[in-house]
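Dumped target10.tsv below, it's TSV, C-alpha atoms:
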```tsv
chain	number	residue	atom	x	y	z
A	1	MET	CA	7.15	46.85	10.68
A	2	SER	CA	6.25	45.87	14.24
A	3	VAL	CA	2.97	44.05	14.75
A	4	ASP	CA	1.33	42.64	17.86
A	5	VAL	CA	-0.75	39.49	17.27
A	6	GLY	CA	-2.65	40.30	20.43
A	7	VAL	CA	-4.27	43.37	18.84
A	8	ILE	CA	-5.28	41.69	15.57
A	9	ALA	CA	-8.79	40.32	15.63
A	10	ALA	CA	-8.95	36.59	15.01
A	11	PRO	CA	-10.90	35.74	11.85
A	12	ASP	CA	-14.56	34.81	12.17
A	13	THR	CA	-14.80	31.16	11.21
A	14	THR	CA	-18.37	30.53	12.30
A	15	PRO	CA	-20.00	28.68	9.37
A	16	ASP	CA	-22.88	30.51	7.70
A	17	ALA	CA	-24.76	27.49	6.42
A	18	VAL	CA	-23.17	24.06	6.27
A	19	PRO	CA	-24.72	22.01	3.45
A	20	ASP	CA	-26.62	18.86	4.35
A	21	PHE	CA	-23.92	16.66	2.82
A	22	ALA	CA	-21.45	17.77	5.51
A	23	ASP	CA	-23.60	16.11	8.18
A	24	ALA	CA	-23.31	12.73	6.46
A	25	GLY	CA	-19.64	12.34	7.41
A	26	LEU	CA	-16.35	13.19	5.78
A	27	VAL	CA	-16.12	10.22	3.39
A	28	PRO	CA	-19.57	10.73	1.77
A	29	ALA	CA	-18.96	14.50	1.66
A	30	ALA	CA	-15.68	13.86	-0.16
A	31	GLY	CA	-17.57	12.30	-3.05
A	32	ARG	CA	-19.57	15.48	-3.53
A	33	LEU	CA	-16.41	17.57	-3.23
A	34	ARG	CA	-14.66	15.39	-5.84
A	35	GLU	CA	-17.32	16.21	-8.43
A	36	LEU	CA	-17.22	19.93	-7.64
A	37	ALA	CA	-13.41	20.04	-7.67
A	38	ALA	CA	-13.27	18.14	-10.97
A	39	ARG	CA	-15.56	20.70	-12.63
A	40	HIS	CA	-13.25	23.52	-11.51
A	41	ALA	CA	-9.92	21.69	-11.94
A	42	ALA	CA	-8.96	23.00	-15.38
A	43	ASP	CA	-9.67	26.62	-14.44
A	44	ALA	CA	-7.87	26.17	-11.11
A	45	ASP	CA	-4.83	24.86	-12.97
A	46	THR	CA	-4.65	27.71	-15.49
A	47	GLY	CA	-5.59	30.34	-12.90
A	48	ARG	CA	-3.14	28.93	-10.32
A	49	GLY	CA	-5.63	28.92	-7.48
A	50	LEU	CA	-8.70	27.12	-6.16
A	51	SER	CA	-12.03	28.86	-6.61
A	52	ARG	CA	-13.89	30.26	-3.61
A	53	GLU	CA	-16.60	27.67	-4.24
A	54	VAL	CA	-14.08	24.84	-3.86
A	55	THR	CA	-12.30	26.26	-0.80
A	56	ASP	CA	-15.63	26.86	0.91
A	57	ALA	CA	-16.61	23.26	0.12
A	58	ILE	CA	-13.34	21.95	1.61
A	59	ARG	CA	-14.19	23.74	4.84
A	60	GLU	CA	-17.88	22.77	4.81
A	61	ALA	CA	-17.17	19.11	4.04
A	62	GLY	CA	-15.39	18.85	7.39
A	63	PHE	CA	-11.69	18.57	6.55
A	64	ALA	CA	-10.57	21.42	8.82
A	65	ARG	CA	-12.60	20.05	11.74
A	66	HIS	CA	-11.66	16.39	11.24
A	67	PHE	CA	-9.01	16.30	13.99
A	68	VAL	CA	-10.48	19.09	16.14
A	69	ALA	CA	-11.69	18.10	19.62
A	70	GLU	CA	-15.38	17.27	20.00
A	71	ARG	CA	-15.72	19.86	22.77
A	72	PHE	CA	-15.26	22.54	20.10
A	73	GLY	CA	-17.64	20.85	17.68
A	74	GLY	CA	-14.88	18.93	15.91
A	75	THR	CA	-15.01	15.36	14.66
A	76	GLU	CA	-12.05	13.73	16.45
A	77	GLY	CA	-11.95	11.57	13.34
A	78	SER	CA	-9.73	8.68	12.32
A	79	PHE	CA	-6.73	8.63	10.02
A	80	GLU	CA	-8.41	5.95	7.91
A	81	ASP	CA	-11.48	8.07	7.22
A	82	LEU	CA	-9.38	11.10	6.38
A	83	THR	CA	-7.14	9.09	4.05
A	84	ARG	CA	-10.11	7.66	2.17
A	85	ALA	CA	-11.70	11.09	1.87
A	86	VAL	CA	-8.51	12.76	0.61
A	87	MET	CA	-7.95	10.03	-1.98
A	88	THR	CA	-11.55	10.44	-3.17
A	89	VAL	CA	-11.15	14.20	-3.68
A	90	GLY	CA	-7.84	13.60	-5.47
A	91	GLU	CA	-9.63	11.64	-8.17
A	92	GLY	CA	-11.19	14.92	-9.28
A	93	CYS	CA	-8.45	17.43	-8.48
A	94	ALA	CA	-5.06	16.76	-6.90
A	95	ALA	CA	-4.62	20.35	-5.68
A	96	SER	CA	-7.99	20.35	-3.92
A	97	ALA	CA	-7.12	17.07	-2.18
A	98	TRP	CA	-3.70	18.42	-1.18
A	99	CYS	CA	-5.25	21.49	0.44
A	100	ALA	CA	-7.98	19.42	2.11
A	101	SER	CA	-5.37	17.08	3.57
A	102	LEU	CA	-3.26	19.93	4.91
A	103	ALA	CA	-6.30	21.65	6.42
A	104	ALA	CA	-6.89	18.51	8.50
A	105	TYR	CA	-3.29	17.80	9.47
A	106	SER	CA	-2.50	21.43	10.32
A	107	ALA	CA	-5.30	21.42	12.90
A	108	ARG	CA	-3.71	18.29	14.39
A	109	PHE	CA	-0.39	20.13	14.67
A	110	ALA	CA	-2.12	23.11	16.30
A	111	SER	CA	-3.57	20.82	18.98
A	112	HIS	CA	-0.17	21.10	20.71
A	113	LEU	CA	-0.93	24.73	21.60
A	114	PRO	CA	-1.84	25.55	25.20
A	115	GLU	CA	-5.53	25.58	26.16
A	116	GLN	CA	-5.91	29.33	25.58
A	117	GLY	CA	-4.64	28.77	22.04
A	118	HIS	CA	-7.29	26.07	21.49
A	119	GLN	CA	-9.93	28.54	22.59
A	120	GLU	CA	-8.62	31.22	20.27
A	121	LEU	CA	-8.52	28.98	17.21
A	122	TRP	CA	-11.71	26.95	17.74
A	123	GLY	CA	-13.75	28.73	20.39
A	124	ALA	CA	-16.06	30.23	17.75
A	125	GLY	CA	-16.31	27.03	15.72
A	126	PRO	CA	-14.31	24.01	14.55
A	127	ASP	CA	-13.84	24.93	10.88
A	128	THR	CA	-10.78	27.17	11.24
A	129	VAL	CA	-8.33	26.58	8.39
A	130	VAL	CA	-4.66	26.60	9.40
A	131	ALA	CA	-1.80	26.60	6.88
A	132	THR	CA	1.59	25.34	8.07
A	133	GLY	CA	5.22	26.07	7.20
A	134	LEU	CA	6.84	22.94	8.62
A	135	MET	CA	10.46	23.71	7.74
A	136	PRO	CA	12.42	25.96	10.16
A	137	ALA	CA	13.08	29.21	8.33
A	138	GLY	CA	12.83	32.19	10.66
A	139	ARG	CA	14.01	33.40	14.05
A	140	ALA	CA	12.31	34.33	17.28
A	141	ARG	CA	13.38	36.16	20.41
A	142	GLN	CA	11.64	36.20	23.75
A	143	ALA	CA	9.60	39.24	24.74
A	144	ASP	CA	7.34	40.02	27.67
A	145	GLY	CA	4.49	37.50	27.53
A	146	GLY	CA	5.60	35.79	24.35
A	147	TRP	CA	7.95	36.07	21.39
A	148	ARG	CA	8.79	38.34	18.49
A	149	VAL	CA	9.06	36.48	15.20
A	150	THR	CA	10.67	37.40	11.87
A	151	GLY	CA	11.26	35.33	8.76
A	152	GLU	CA	10.08	33.95	5.44
A	153	TRP	CA	8.58	30.49	4.88
A	154	ALA	CA	8.28	29.12	1.35
A	155	TYR	CA	5.83	26.51	0.06
A	156	VAL	CA	2.99	27.19	2.51
A	157	SER	CA	0.10	25.44	0.75
A	158	ALA	CA	-3.50	26.70	1.09
A	159	VAL	CA	-2.32	30.00	2.54
A	160	ASP	CA	-4.67	31.92	0.23
A	161	PHE	CA	-7.75	30.78	2.14
A	162	ALA	CA	-6.26	30.03	5.56
A	163	ASP	CA	-7.49	31.83	8.68
A	164	TRP	CA	-4.19	31.28	10.51
A	165	VAL	CA	-0.66	30.24	9.62
A	166	MET	CA	1.70	28.23	11.79
A	167	VAL	CA	5.44	28.59	11.13
A	168	CYS	CA	8.58	27.10	12.63
A	169	ALA	CA	11.41	29.37	13.80
A	170	ALA	CA	14.68	29.04	15.69
A	171	VAL	CA	14.83	30.68	19.11
A	172	ALA	CA	17.77	33.00	19.59
A	173	GLY	CA	20.16	32.61	22.51
A	174	GLY	CA	21.23	29.70	24.65
A	175	GLU	CA	23.95	27.13	24.20
A	176	GLY	CA	24.04	24.25	21.74
A	177	PRO	CA	21.69	23.79	18.78
A	178	PRO	CA	18.92	26.39	18.61
A	179	GLN	CA	15.55	25.42	20.01
A	180	LEU	CA	12.82	25.25	17.38
A	181	ARG	CA	9.27	26.39	18.09
A	182	PHE	CA	6.04	26.73	16.14
A	183	PHE	CA	4.30	30.11	16.16
A	184	THR	CA	0.66	30.64	15.16
A	185	LEU	CA	-0.45	33.91	13.59
A	186	PRO	CA	-3.90	35.08	12.41
A	187	ARG	CA	-4.52	36.43	8.94
A	188	GLY	CA	-3.40	40.06	8.93
A	189	ALA	CA	-0.29	39.44	11.03
A	190	TYR	CA	1.70	38.24	8.00
A	191	THR	CA	1.93	38.94	4.29
A	192	VAL	CA	1.97	36.50	1.40
A	193	ARG	CA	4.40	36.78	-1.49
A	194	GLU	CA	3.19	34.89	-4.56
A	195	THR	CA	6.19	32.73	-5.40
A	196	TRP	CA	4.63	29.35	-6.29
A	197	ASP	CA	5.33	28.70	-9.99
A	198	SER	CA	5.58	24.92	-10.26
A	199	VAL	CA	4.43	23.24	-13.48
A	200	GLY	CA	2.25	20.92	-11.39
A	201	MET	CA	-0.02	21.34	-8.37
A	202	ARG	CA	-0.43	24.91	-9.56
A	203	ALA	CA	-3.66	25.53	-7.67
A	204	THR	CA	-2.32	24.71	-4.20
A	205	GLY	CA	-1.20	28.33	-3.78
A	206	SER	CA	1.97	27.21	-2.01
A	207	HIS	CA	3.33	30.72	-1.66
A	208	THR	CA	5.81	32.36	0.73
A	209	VAL	CA	4.69	33.70	4.11
A	210	VAL	CA	6.54	36.78	5.34
A	211	VAL	CA	6.54	37.74	9.03
A	212	ASP	CA	8.18	41.02	10.04
A	213	ASP	CA	8.83	41.46	13.78
A	214	VAL	CA	5.43	40.19	14.96
A	215	PHE	CA	4.65	39.62	18.63
A	216	VAL	CA	3.17	36.15	19.25
A	217	PRO	CA	1.76	35.51	22.75
A	218	ALA	CA	2.88	32.43	24.66
A	219	HIS	CA	-0.45	30.63	24.20
A	220	LEU	CA	0.04	30.60	20.42
A	221	THR	CA	3.37	28.79	20.39
A	222	PHE	CA	4.76	25.36	21.30
A	223	ASP	CA	8.02	23.43	21.22
A	224	ARG	CA	8.63	21.58	17.93
A	225	ALA	CA	9.89	18.59	19.94
A	226	ASP	CA	6.34	18.06	21.24
A	227	MET	CA	5.05	17.56	17.72
A	228	LEU	CA	7.94	15.27	16.75
A	229	THR	CA	7.53	13.00	19.79
A	230	GLY	CA	3.74	13.16	19.88
A	231	ARG	CA	3.70	14.39	23.47
A	232	ASN	CA	0.67	16.61	24.01
A	233	GLY	CA	0.24	18.17	27.43
A	234	PHE	CA	-2.98	19.97	26.46
A	235	SER	CA	-5.10	17.32	24.76
A	236	GLY	CA	-5.83	13.68	25.39
A	237	VAL	CA	-7.46	13.15	21.99
A	238	SER	CA	-5.89	10.07	20.42
A	239	ALA	CA	-4.99	11.72	17.11
A	240	HIS	CA	-3.34	14.60	18.98
A	241	ASN	CA	-0.77	12.26	20.51
A	242	VAL	CA	0.98	10.73	17.51
A	243	PRO	CA	4.74	10.87	16.78
A	244	PHE	CA	5.44	12.82	13.63
A	245	GLN	CA	7.55	9.99	12.19
A	246	ALA	CA	4.57	7.64	12.29
A	247	VAL	CA	2.63	9.85	9.89
A	248	GLY	CA	5.27	8.85	7.35
A	249	GLY	CA	4.32	11.24	4.56
A	250	LEU	CA	0.62	10.26	4.73
A	251	THR	CA	-0.38	13.93	4.52
A	252	PHE	CA	1.19	14.21	1.08
A	253	ILE	CA	0.87	10.77	-0.48
A	254	ALA	CA	-2.91	10.33	-0.05
A	255	PRO	CA	-3.74	13.10	-2.56
A	256	VAL	CA	-1.34	11.48	-5.06
A	257	VAL	CA	-3.08	8.11	-4.83
A	258	GLY	CA	-6.36	9.83	-5.65
A	259	ALA	CA	-4.78	11.74	-8.54
A	260	ALA	CA	-3.36	8.53	-9.99
A	261	THR	CA	-6.83	6.95	-9.84
A	262	GLY	CA	-8.16	9.99	-11.70
A	263	ALA	CA	-5.35	9.65	-14.24
A	264	LEU	CA	-6.27	6.00	-14.82
A	265	ALA	CA	-9.87	6.96	-15.57
A	266	ALA	CA	-8.77	9.78	-17.87
A	267	ALA	CA	-6.39	7.51	-19.78
A	268	ALA	CA	-8.94	4.73	-20.09
A	269	GLY	CA	-11.42	7.17	-21.59
A	270	SER	CA	-8.94	8.13	-24.30
A	271	ILE	CA	-7.99	4.60	-25.40
A	272	THR	CA	-10.64	3.91	-28.00
A	273	GLY	CA	-10.76	2.90	-31.67
A	274	ARG	CA	-7.36	2.26	-33.17
A	275	ARG	CA	-5.61	3.20	-29.94
A	276	ARG	CA	-7.15	0.19	-28.22
A	277	ASN	CA	-4.71	-2.64	-28.89
A	278	GLN	CA	-2.86	-5.29	-26.91
A	279	THR	CA	-0.02	-2.93	-26.05
A	280	ALA	CA	-2.34	-0.22	-24.70
A	281	GLU	CA	-4.39	-2.76	-22.77
A	282	LEU	CA	-1.29	-4.27	-21.18
A	283	THR	CA	0.06	-0.85	-20.26
A	284	VAL	CA	-3.17	0.21	-18.56
A	285	VAL	CA	-3.31	-3.06	-16.61
A	286	ARG	CA	0.29	-2.62	-15.46
A	287	ALA	CA	-0.43	0.95	-14.35
A	288	SER	CA	-3.57	-0.11	-12.48
A	289	GLY	CA	-1.58	-2.67	-10.49
A	290	ARG	CA	0.84	-0.03	-9.33
A	291	ILE	CA	-1.99	2.29	-8.31
A	292	ASP	CA	-3.76	-0.44	-6.34
A	293	ALA	CA	-0.52	-1.45	-4.63
A	294	ALA	CA	0.13	2.15	-3.62
A	295	ARG	CA	-3.41	2.49	-2.29
A	296	HIS	CA	-3.02	-0.60	-0.12
A	297	LEU	CA	0.26	0.66	1.33
A	298	VAL	CA	-1.15	4.09	2.09
A	299	GLU	CA	-4.27	2.62	3.71
A	300	GLU	CA	-1.98	0.41	5.81
A	301	ASN	CA	-0.20	3.54	7.06
A	302	ALA	CA	-3.51	5.00	8.22
A	303	ARG	CA	-4.41	1.78	10.06
A	304	VAL	CA	-1.05	1.84	11.86
A	305	LEU	CA	-1.85	5.32	13.15
A	306	ASP	CA	-5.39	4.49	14.25
A	307	ARG	CA	-4.20	1.34	16.02
A	308	ARG	CA	-1.35	3.30	17.63
A	309	LEU	CA	1.37	0.89	16.54
A	310	PHE	CA	4.20	3.31	17.26
A	311	THR	CA	7.08	0.85	17.35
A	312	PRO	CA	10.29	1.81	15.50
A	313	GLU	CA	9.52	-0.95	12.99
A	314	HIS	CA	6.00	0.27	12.21
A	315	MET	CA	7.00	3.92	12.00
A	316	ALA	CA	9.93	3.21	9.68
A	317	ARG	CA	7.71	1.00	7.54
A	318	ASN	CA	5.21	3.85	7.24
A	319	GLU	CA	8.00	6.07	5.91
A	320	ARG	CA	9.04	3.35	3.45
A	321	ASN	CA	5.43	2.80	2.35
A	322	ALA	CA	4.91	6.47	1.56
A	323	THR	CA	8.11	6.88	-0.43
A	324	PHE	CA	7.65	3.61	-2.32
A	325	ALA	CA	4.05	4.54	-3.11
A	326	ALA	CA	5.29	7.83	-4.57
A	327	GLU	CA	7.79	5.95	-6.72
A	328	ILE	CA	5.30	3.49	-8.20
A	329	LEU	CA	2.65	6.17	-8.73
A	330	ARG	CA	5.11	8.15	-10.84
A	331	GLU	CA	5.73	4.97	-12.81
A	332	ALA	CA	2.00	4.37	-13.21
A	333	VAL	CA	1.19	7.81	-14.59
A	334	THR	CA	4.17	7.62	-16.97
A	335	LEU	CA	2.75	4.35	-18.32
A	336	LEU	CA	-0.67	5.94	-18.72
A	337	VAL	CA	0.68	8.91	-20.65
A	338	GLY	CA	2.46	6.51	-22.98
A	339	ALA	CA	-0.69	4.47	-23.53
A	340	ALA	CA	-2.86	7.52	-24.23
A	341	GLY	CA	-0.43	8.98	-26.74
A	342	THR	CA	-0.38	12.53	-28.02
A	343	GLY	CA	-4.09	13.04	-27.37
A	344	GLY	CA	-3.57	12.64	-23.65
A	345	LEU	CA	-1.12	15.53	-23.62
A	346	GLY	CA	-3.52	18.09	-25.06
A	347	GLU	CA	-4.08	21.20	-22.95
A	348	GLY	CA	-7.73	20.29	-22.52
A	349	HIS	CA	-7.11	16.70	-21.42
A	350	ALA	CA	-7.27	15.87	-17.72
A	351	LEU	CA	-4.51	13.25	-18.04
A	352	GLN	CA	-1.74	15.76	-18.68
A	353	ARG	CA	-2.84	17.77	-15.64
A	354	PHE	CA	-2.79	14.67	-13.42
A	355	TRP	CA	0.63	13.77	-14.85
A	356	ARG	CA	2.06	17.20	-13.97
A	357	ASP	CA	0.41	17.19	-10.55
A	358	ILE	CA	1.72	13.74	-9.63
A	359	THR	CA	5.22	14.61	-10.82
A	360	SER	CA	5.24	17.80	-8.76
A	361	ALA	CA	3.63	16.30	-5.64
A	362	THR	CA	6.00	13.34	-5.46
A	363	SER	CA	8.97	15.71	-5.49
A	364	HIS	CA	8.00	16.77	-1.95
A	365	VAL	CA	10.77	16.23	0.59
A	366	ALA	CA	8.53	14.02	2.74
A	367	LEU	CA	8.26	11.53	-0.13
A	368	GLN	CA	11.99	11.06	-0.76
A	369	TYR	CA	13.84	7.93	0.39
A	370	ASP	CA	16.84	9.88	1.67
A	371	THR	CA	14.74	12.10	3.92
A	372	ALA	CA	14.23	9.33	6.46
A	373	ALA	CA	13.00	6.06	4.96
A	374	ARG	CA	16.38	4.83	3.76
A	375	LYS	CA	18.10	5.26	7.09
A	376	ASN	CA	15.27	4.20	9.39
A	377	TYR	CA	13.92	1.22	7.49
A	378	SER	CA	17.36	-0.11	6.56
A	379	ALA	CA	18.04	-0.23	10.31
A	380	VAL	CA	14.92	-2.40	10.70
A	381	LEU	CA	16.02	-4.73	7.89
A	382	LEU	CA	19.78	-4.80	8.53
A	383	GLY	CA	20.15	-3.73	12.13
A	384	PRO	CA	21.84	-0.51	13.33
A	385	GLU	CA	25.02	0.67	11.65
A	386	GLY	CA	28.31	-0.37	13.17
```

Output the file's structure in the form of structure tokens.
Amino acid sequence: MSVDVGVIAAPDTTPDAVPDFADAGLVPAAGRLRELAARHAADADTGRGLSREVTDAIREAGFARHFVAERFGGTEGSFEDLTRAVMTVGEGCAASAWCASLAAYSARFASHLPEQGHQELWGAGPDTVVATGLMPAGRARQADGGWRVTGEWAYVSAVDFADWVMVCAAVAGGEGPPQLRFFTLPRGAYTVRETWDSVGMRATGSHTVVVDDVFVPAHLTFDRADMLTGRNGFSGVSAHNVPFQAVGGLTFIAPVVGAATGALAAAAGSITGRRRNQTAELTVVRASGRIDAARHLVEENARVLDRRLFTPEHMARNERNATFAAEILREAVTLLVGAAGTGGLGEGHALQRFWRDITSATSHVALQYDTAARKNYSAVLLGPEG
């Protein structure tokens, strides 16, 4: 199949009626979204997808527009506000928070597109939802006025309700390692194969995107190196000029902190009567300490980004903070499951869902020590190898 992105109409993302709560700011709106997501969480888990009501609320609350330029009606918001908002939503539903986080960060990635690409994504409004396949998995070849792209990208979260997808592909030809570029395609230019079958984070809809010889014009693509270094030749917005390393897994760990807070509340609600004893009380206290420690580390990462502390030491510490937070949050939810006992593992109990979600989310490659944290932060502590 040969498709030309240029002849596919971009989706209409003009909001019909944004609720009043969206005008109050992202953090207050997140509290409303948390309650809505919590009511739908069990059905989302069993049905393996977020409801339309929840996905609309993610958009209307302002997550997709959080990093969009003000000239398009966006918020140009801070990393600290986004992190607090994502953690709040995660207390009700980890999958909803995960998708909300990615809706915000994907728009930040897309800011590296040329100006005509900005106009195409946000010219009709700032609430365009972009889903991203970060890992290189396809190939592209130059064509007149752009590129032709083919490939498959697994684990593209929120693709079910995204207006666009952005995928990374290797460019054919040339000497040395292949150049990697991101390519942005509107809904209709790709297909989705439903492959996401994890035991946790079921409702994120992290399926496989399939692109079959699609033409992508030059204004909808950019060099992956620009995103990694934080160089942005098309936007001076502060959040659009951030090295990828500095983000340090923040996209993925913030929802987990929220989910662990939700797990703590769920476990505490189940420890009553004979189950409330010194052992259970001690276990809950130990778990709460781990959750609070993780929250502080994750909030520190957001402050580093907002204050633009992009030294090698700060960026490596951000990576360490995210991976260590993932480790202690897994420990915390394991403690909580033990304290709650068999009752906490019932199909109808929120604790077992949080437990599965946290286990699945912390398996993400961005939250593993060996991905980058071990090498980069050990160099800070011990000096360079050799």

Exercise: region 72-87 of chain A partners within 8 Å, only C-alpha atoms, chain neighbours under 6 positions left out, as a ChimeraX atom specification: /A:26-28,30-31,63,65-66,97-98,100-101,122-123,125-127,237,239,250,254-259,299,302-303,305-306

Option closest in space to Gly273 (chain A), from A:Ala340, A:Ala107, A:Pro384, A:Ala293 [counting only C-alpha atoms]: A:Ala340

Shell of 12 Å around Asp292 (chain A), only C-alpha atoms, local chain residues under 2 positions omitted, as a list in words: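 After dropping sequence-adjacent residues, the list is Val257, Gly258, Ala260, Thr261, Leu264, Val285, Arg286, Ala287, Ser288, Gly289, Arg290, Ala294, Arg295, His296, Leu297, Val298, Glu299, Ala325, Ile328, Leu329 and Ala332 of chain A.
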
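Compared by their closest atoms to Leu50 (chain A), and using only C-alpha atoms, the residues A:Leu33, A:Ala38, A:Ala95, A:Val68 rank with A:Ala95 nearest.
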
Nearest-residue call for Phe222 (chain A), choices A:Phe252, A:Trp355, A:Tyr190, A:Phe109, using only C-alpha atoms: A:Phe109

Shortest interatomic distance to Gly117 (chain A) - which of A:Ser157, A:Thr184, A:Gln179, A:Ser96, counting all atoms listed in the file: A:Thr184

Find the residues of region 161-220 of chain A that sit at most 12 Å from region 363-383 of chain A; for each, write down the nearest two atoms and how far apart they are in Å, to one decimal. Count all atoms listed in the file. Sort by chain, then by number going up, and give it as a tab-separated table.
```
residue	atom	partner	partner_atom	distance
A:Ser198	CA	A:Ser363	CA	10.9
A:Val199	CA	A:Ser363	CA	11.9
A:Gly200	CA	A:Ser363	CA	10.3
A:Met201	CA	A:Ser363	CA	11.0
```

Radius query 12 Å about (18.3, 26.1, 20.2), atoms used: all atoms listed in the file, as a ChimeraX atom specification: /A:136,139-141,169-181,223-225

Minimum-distance residue to Ala110 (chain A), chosen among A:Asp226, A:Glu331, A:Ala94, A:Thr191 (using all atoms listed in the file):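 Of A:Asp226, A:Glu331, A:Ala94, A:Thr191, the one nearest Ala110 (chain A) is A:Asp226, counting all atoms listed in the file.
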
One-decimal distance in Å that lies between CA of Ile291 (chain A) and CA of Arg356 (chain A):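 It comes out at 16.5 Å.
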
Point-to-point distance from CA of Gln119 (chain A) to CA of Asp213 (chain A), Å rounded to tenths: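 Computed distance, CA of Gln119 (chain A) to CA of Asp213 (chain A), equals 24.4 Å.
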